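Let me begin by presenting the structure, written as structure tokens, before commenting on it.
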Amino acid sequence: METYHNKFLIFGCMGLGGSWDTNPISKNDQKKAFDVIHTALENNITFFDHADIYMLGKAEKVFGMFLQEHPHLREKLKIQSKSAIQLHEGALNSNRYNASKEYLIKQVEAILKRLQTDYLDVFLVHRPDPLMNPSELAETFYYLKEKGYVNHFGVSNMSATQIEVLQKFSDIPIKHNQIQFSLGHSQLLENEVFFNTNHSVPANNFGMLAYAQLHNIEIQTYGSLDKGLFSNHQNTGIKTIDETKQLLHQLSEKYQTNILALQLAWIAKLPCKIVPIIGTTNLERIKQCAEFNQIELSREDWYDLWITAMGKKLP
């Protein structure tokens with residue numbers, strides 16, 4: 001089996017464009033977004049992740065403004081976006097999901113217009129839609145590829161079984177799965193090692209890491225930094241969190257690096273195609289995150305971080 005060296009990051013653009021409302025993008029919002037994109041590029045981050053719902057479309061729109069001013073950069077960038085969530089359109093102000101052919105094609109056309117680009121490098125189905133027809137989704141992929149709108153396809157928040165069903169109906173490979181995974185949210189690993197023990201583990205995404213290795217699927221991890229849970233210096237009074245912070249601080253001195261980079265290096269050590277997504281708009285933190293590829297965590301330190309963050313012994 002091939003060994004992967006996970007040495008790059010994806011920048012998640014959810015925080016660009018201002019706020020979650022229909023107010024226009026201000027000059028300040030535009031400058032902030034441009035500074036963030038430039039900082040990412042200066043630190044060799046060239047893969048940018050979007051979704052049609054981010055800032056109600058303004059994240060894509062402000063990125064499109066950047067591309068309009070820097071058209072020569074388009075071919076140097078990898079741009080992906082996602083669709084299938086209808087935000088707060090359901091009963092009780094709930095989201096609804098829509099992976100129908102008509103809806104996804106319409107959304108991709110709108111995404112391309114906002115981004116001011118002719119194509120997406122990658123398009124992901126954002127959430128599994130229980131009413132999703134696999135053969136219809138295959139037709140959607142074929143149409144988008146034939147039109148030149150999308151080069152590659154993937155999914156988000158889906159299990160190995162869901163991907164297997166979709167792949168049965170399509171010759172176009174699903175090569176990406178974007179799911180939550182981090183030091184503080186490691187169910188993907190827990191599902192594997194606590195199988196057939198007395199510990200109860202979440203049923204979601206059982207076997208996803210093995211399936212990804214078997215089918216050459218890239219795992220993209222969102223929530224990679226646990227929303228700053230472990231980089232905040234204040235004690236929380238929660239044993240697992242505070243002990244993990246302490247261990248990260250010790251290891252940052254050992255490896256002569258920062259806590260954010262350590263968390264990303266912990267993710268990237270897994271022997272599969274796994275790429276952390278970061279979403280901070282703090283320029284200094286972007287630079288700190290980019291240091292992750294200079295760290296080679298020892299097996300012992302990797303395990304101790306995981307065990308400490310879980311707060312329970314391995315079987």
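By convention in this document, the chains of the structure tokens carry letters A, B, ... by their order, each chain's residues are numbered from 1, and ligands are numbered from 1 in the order they are shown.
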message = With only C-alpha atoms as the counted atoms, please give the residues lying no more than 8 Å from Gly207 (chain A), apart from itself and same-chain residues fewer than 4 positions off, as a list of chain:residue names.
response = A:Ala160, A:Leu188, A:Asn191, A:Glu192, A:Tyr211
Residues of region 131-235 of chain A that approach region 75-85 of chain A to 10 Å or less, counting only C-alpha atoms: could you list each one with the shortest pair of atoms and its distance in Å to one decimal, rows by chain and increasing residue number, as a tab-separated table?
```
residue	atom	partner	partner_atom	distance
A:Val150	CA	A:Gln80	CA	9.0
A:Asn151	CA	A:Gln80	CA	9.8
A:His152	CA	A:Gln80	CA	9.1
A:Phe153	CA	A:Gln80	CA	9.3
A:Gly154	CA	A:Lys82	CA	9.1
A:Val155	CA	A:Lys82	CA	8.3
A:Ser156	CA	A:Lys82	CA	8.2
```
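Of the listed residues A:Lys313, A:Arg96, A:Lys106, A:His70, the one whose atoms come nearest to Leu131 (chain A) is A:Arg96, with distances taken using only C-alpha atoms.
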inquiry  = Residues within 12 Å of Gln246 (chain A), please, as a PyMOL selection string. Count only C-alpha atoms; anything in the same chain fewer than 5 positions from it doesn't count.
reply    = chain A and resi 230-236+239-241+251-253+259+304-305+308-309
Writer output for current selection, C-alpha atoms, as a PDB file, in the first residue's frame:
```pdb
ATOM      1  CA  PHE A 230      -6.467  23.769  22.988  1.00  0.00           C
ATOM      2  CA  SER A 231      -4.669  26.976  21.988  1.00  0.00           C
ATOM      3  CA  ASN A 232      -6.553  29.145  24.490  1.00  0.00           C
ATOM      4  CA  HIS A 233      -4.250  29.681  27.476  1.00  0.00           C
ATOM      5  CA  GLN A 234      -7.009  29.858  30.100  1.00  0.00           C
ATOM      6  CA  ASN A 235      -7.819  26.758  32.144  1.00  0.00           C
ATOM      7  CA  THR A 236     -11.285  25.372  31.565  1.00  0.00           C
ATOM      8  CA  LYS A 239      -9.470  17.625  32.995  1.00  0.00           C
ATOM      9  CA  THR A 240      -9.023  16.277  29.459  1.00  0.00           C
ATOM     10  CA  ILE A 241      -8.870  19.734  27.863  1.00  0.00           C
ATOM     11  CA  LEU A 251       5.622  19.295  23.021  1.00  0.00           C
ATOM     12  CA  SER A 252       5.762  22.747  21.429  1.00  0.00           C
ATOM     13  CA  GLU A 253       8.954  23.340  23.401  1.00  0.00           C
ATOM     14  CA  ILE A 259       0.518  24.534  19.316  1.00  0.00           C
ATOM     15  CA  ASP A 304      -0.002  10.342  24.076  1.00  0.00           C
ATOM     16  CA  LEU A 305      -1.724  13.368  22.542  1.00  0.00           C
ATOM     17  CA  THR A 308      -4.838  12.521  26.683  1.00  0.00           C
ATOM     18  CA  ALA A 309      -7.405  14.308  24.513  1.00  0.00           C
TER      19      ALA A 309
END
```
query = Which parts of region 42-181 of chain A does DSSP call helix (DSSP H, G or I) when run on the backbone here, written out as a PyMOL selection string?
reply = chain A and resi 42+54-69+71-76+91-93+101-115+134-146+160-168
query = When you draw a straight line from CA of Glu300 (chain A) to CA of Lys269 (chain A), how long is it in Å?
reply = 12.1 Å
query = as number ranges by chain, which residues of region 35-165 of chain A does DSSP assign to strand (DSSP E)?
reply = A: 47-49, 78-83, 85-86, 96-97, 120-125, 150-156
Output N, CA, C and O atoms for every residue in that selection, as an mmCIF file, in the first residue's frame.
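What follows is the written file out35.cif:
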```cif
data_model
loop_
_atom_site.group_PDB
_atom_site.id
_atom_site.type_symbol
_atom_site.label_atom_id
_atom_site.label_comp_id
_atom_site.auth_asym_id
_atom_site.auth_seq_id
_atom_site.Cartn_x
_atom_site.Cartn_y
_atom_site.Cartn_z
ATOM 1 N N PHE A 47 -4.824 25.821 -2.015
ATOM 2 C CA PHE A 47 -6.078 25.081 -2.150
ATOM 3 C C PHE A 47 -7.109 25.793 -1.283
ATOM 4 O O PHE A 47 -6.936 25.915 -0.066
ATOM 5 N N PHE A 48 -8.199 26.271 -1.907
ATOM 6 C CA PHE A 48 -9.202 27.061 -1.193
ATOM 7 C C PHE A 48 -10.567 26.370 -1.256
ATOM 8 O O PHE A 48 -11.035 25.988 -2.323
ATOM 9 N N ASP A 49 -11.184 26.247 -0.086
ATOM 10 C CA ASP A 49 -12.457 25.530 0.061
ATOM 11 C C ASP A 49 -13.599 26.514 0.294
ATOM 12 O O ASP A 49 -13.532 27.365 1.185
ATOM 13 N N LYS A 78 -6.118 25.894 -6.546
ATOM 14 C CA LYS A 78 -7.090 24.810 -6.587
ATOM 15 C C LYS A 78 -8.301 25.293 -5.804
ATOM 16 O O LYS A 78 -8.194 25.611 -4.614
ATOM 17 N N ILE A 79 -9.438 25.391 -6.480
ATOM 18 C CA ILE A 79 -10.641 25.941 -5.862
ATOM 19 C C ILE A 79 -11.722 24.878 -5.846
ATOM 20 O O ILE A 79 -12.041 24.272 -6.878
ATOM 21 N N GLN A 80 -12.287 24.666 -4.671
ATOM 22 C CA GLN A 80 -13.409 23.731 -4.562
ATOM 23 C C GLN A 80 -14.573 24.433 -3.869
ATOM 24 O O GLN A 80 -14.400 25.353 -3.082
ATOM 25 N N SER A 81 -15.774 23.962 -4.198
ATOM 26 C CA SER A 81 -16.953 24.454 -3.492
ATOM 27 C C SER A 81 -17.926 23.304 -3.290
ATOM 28 O O SER A 81 -17.752 22.213 -3.839
ATOM 29 N N LYS A 82 -18.938 23.582 -2.470
ATOM 30 C CA LYS A 82 -19.890 22.555 -2.062
ATOM 31 C C LYS A 82 -21.309 23.091 -2.184
ATOM 32 O O LYS A 82 -21.538 24.298 -2.086
ATOM 33 N N SER A 83 -22.267 22.182 -2.368
ATOM 34 C CA SER A 83 -23.677 22.557 -2.350
ATOM 35 C C SER A 83 -24.509 21.346 -1.937
ATOM 36 O O SER A 83 -24.034 20.214 -1.991
ATOM 37 N N ILE A 85 -26.968 22.048 0.830
ATOM 38 C CA ILE A 85 -27.644 22.524 2.036
ATOM 39 C C ILE A 85 -28.490 23.740 1.685
ATOM 40 O O ILE A 85 -27.988 24.716 1.121
ATOM 41 N N GLN A 86 -29.776 23.667 2.013
ATOM 42 C CA GLN A 86 -30.666 24.826 1.912
ATOM 43 C C GLN A 86 -30.810 25.374 3.322
ATOM 44 O O GLN A 86 -31.539 24.832 4.148
ATOM 45 N N ARG A 96 -32.632 22.218 5.123
ATOM 46 C CA ARG A 96 -33.062 21.085 4.302
ATOM 47 C C ARG A 96 -31.896 20.729 3.399
ATOM 48 O O ARG A 96 -31.008 21.555 3.166
ATOM 49 N N TYR A 97 -31.898 19.517 2.850
ATOM 50 C CA TYR A 97 -30.848 19.085 1.933
ATOM 51 C C TYR A 97 -31.466 18.842 0.558
ATOM 52 O O TYR A 97 -32.589 18.338 0.444
ATOM 53 N N LEU A 120 -14.603 24.772 -11.509
ATOM 54 C CA LEU A 120 -14.145 24.378 -10.184
ATOM 55 C C LEU A 120 -13.178 23.215 -10.350
ATOM 56 O O LEU A 120 -13.424 22.310 -11.152
ATOM 57 N N ASP A 121 -12.115 23.230 -9.573
ATOM 58 C CA ASP A 121 -11.227 22.076 -9.569
ATOM 59 C C ASP A 121 -11.904 20.880 -8.917
ATOM 60 O O ASP A 121 -11.733 19.737 -9.350
ATOM 61 N N VAL A 122 -12.681 21.163 -7.854
ATOM 62 C CA VAL A 122 -13.389 20.094 -7.125
ATOM 63 C C VAL A 122 -14.763 20.605 -6.722
ATOM 64 O O VAL A 122 -14.905 21.754 -6.286
ATOM 65 N N PHE A 123 -15.772 19.749 -6.859
ATOM 66 C CA PHE A 123 -17.113 20.034 -6.344
ATOM 67 C C PHE A 123 -17.525 18.906 -5.403
ATOM 68 O O PHE A 123 -17.387 17.723 -5.735
ATOM 69 N N LEU A 124 -18.016 19.282 -4.214
ATOM 70 C CA LEU A 124 -18.449 18.314 -3.215
ATOM 71 C C LEU A 124 -19.944 18.434 -2.949
ATOM 72 O O LEU A 124 -20.480 19.548 -2.890
ATOM 73 N N VAL A 125 -20.610 17.303 -2.763
ATOM 74 C CA VAL A 125 -21.988 17.289 -2.249
ATOM 75 C C VAL A 125 -21.880 17.489 -0.740
ATOM 76 O O VAL A 125 -21.291 16.674 -0.036
ATOM 77 N N VAL A 150 -16.762 21.400 -13.799
ATOM 78 C CA VAL A 150 -16.101 20.755 -12.656
ATOM 79 C C VAL A 150 -15.102 19.726 -13.179
ATOM 80 O O VAL A 150 -15.412 18.948 -14.083
ATOM 81 N N ASN A 151 -13.914 19.714 -12.581
ATOM 82 C CA ASN A 151 -12.900 18.727 -12.972
ATOM 83 C C ASN A 151 -12.982 17.437 -12.161
ATOM 84 O O ASN A 151 -12.816 16.342 -12.696
ATOM 85 N N HIS A 152 -13.188 17.567 -10.835
ATOM 86 C CA HIS A 152 -13.192 16.399 -9.956
ATOM 87 C C HIS A 152 -14.326 16.522 -8.942
ATOM 88 O O HIS A 152 -14.780 17.630 -8.633
ATOM 89 N N PHE A 153 -14.730 15.364 -8.397
ATOM 90 C CA PHE A 153 -15.911 15.332 -7.529
ATOM 91 C C PHE A 153 -15.614 14.636 -6.206
ATOM 92 O O PHE A 153 -14.720 13.799 -6.100
ATOM 93 N N GLY A 154 -16.417 15.007 -5.221
ATOM 94 C CA GLY A 154 -16.310 14.377 -3.913
ATOM 95 C C GLY A 154 -17.577 14.612 -3.115
ATOM 96 O O GLY A 154 -18.593 15.082 -3.645
ATOM 97 N N VAL A 155 -17.501 14.291 -1.834
ATOM 98 C CA VAL A 155 -18.646 14.432 -0.942
ATOM 99 C C VAL A 155 -18.167 15.039 0.370
ATOM 100 O O VAL A 155 -16.966 15.239 0.582
ATOM 101 N N SER A 156 -19.100 15.312 1.236
ATOM 102 C CA SER A 156 -18.767 15.830 2.556
ATOM 103 C C SER A 156 -19.728 15.224 3.561
ATOM 104 O O SER A 156 -20.918 15.058 3.270
#
```
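The two atoms in question, CA of Ile179 (chain A) and CA of Val275 (chain A), are spaced 10.6 Å apart.
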inquiry  = Rounded to one decimal, what separation in Å do you get between CA of Gly90 (chain A) and CA of Asp52 (chain A)?
reply    = 17.3 Å
message = Under the rule that only C-alpha atoms are counted, which of A:Pro71, A:Glu190, A:His249, A:Ile278 is the nearest residue to Pro315 (chain A)?
response = A:Glu190
key: Best match for closeness to Phe292 (chain A) among A:Ile25, A:Pro271, A:Ser159, A:Asn43, counting only C-alpha atoms   = A:Asn43
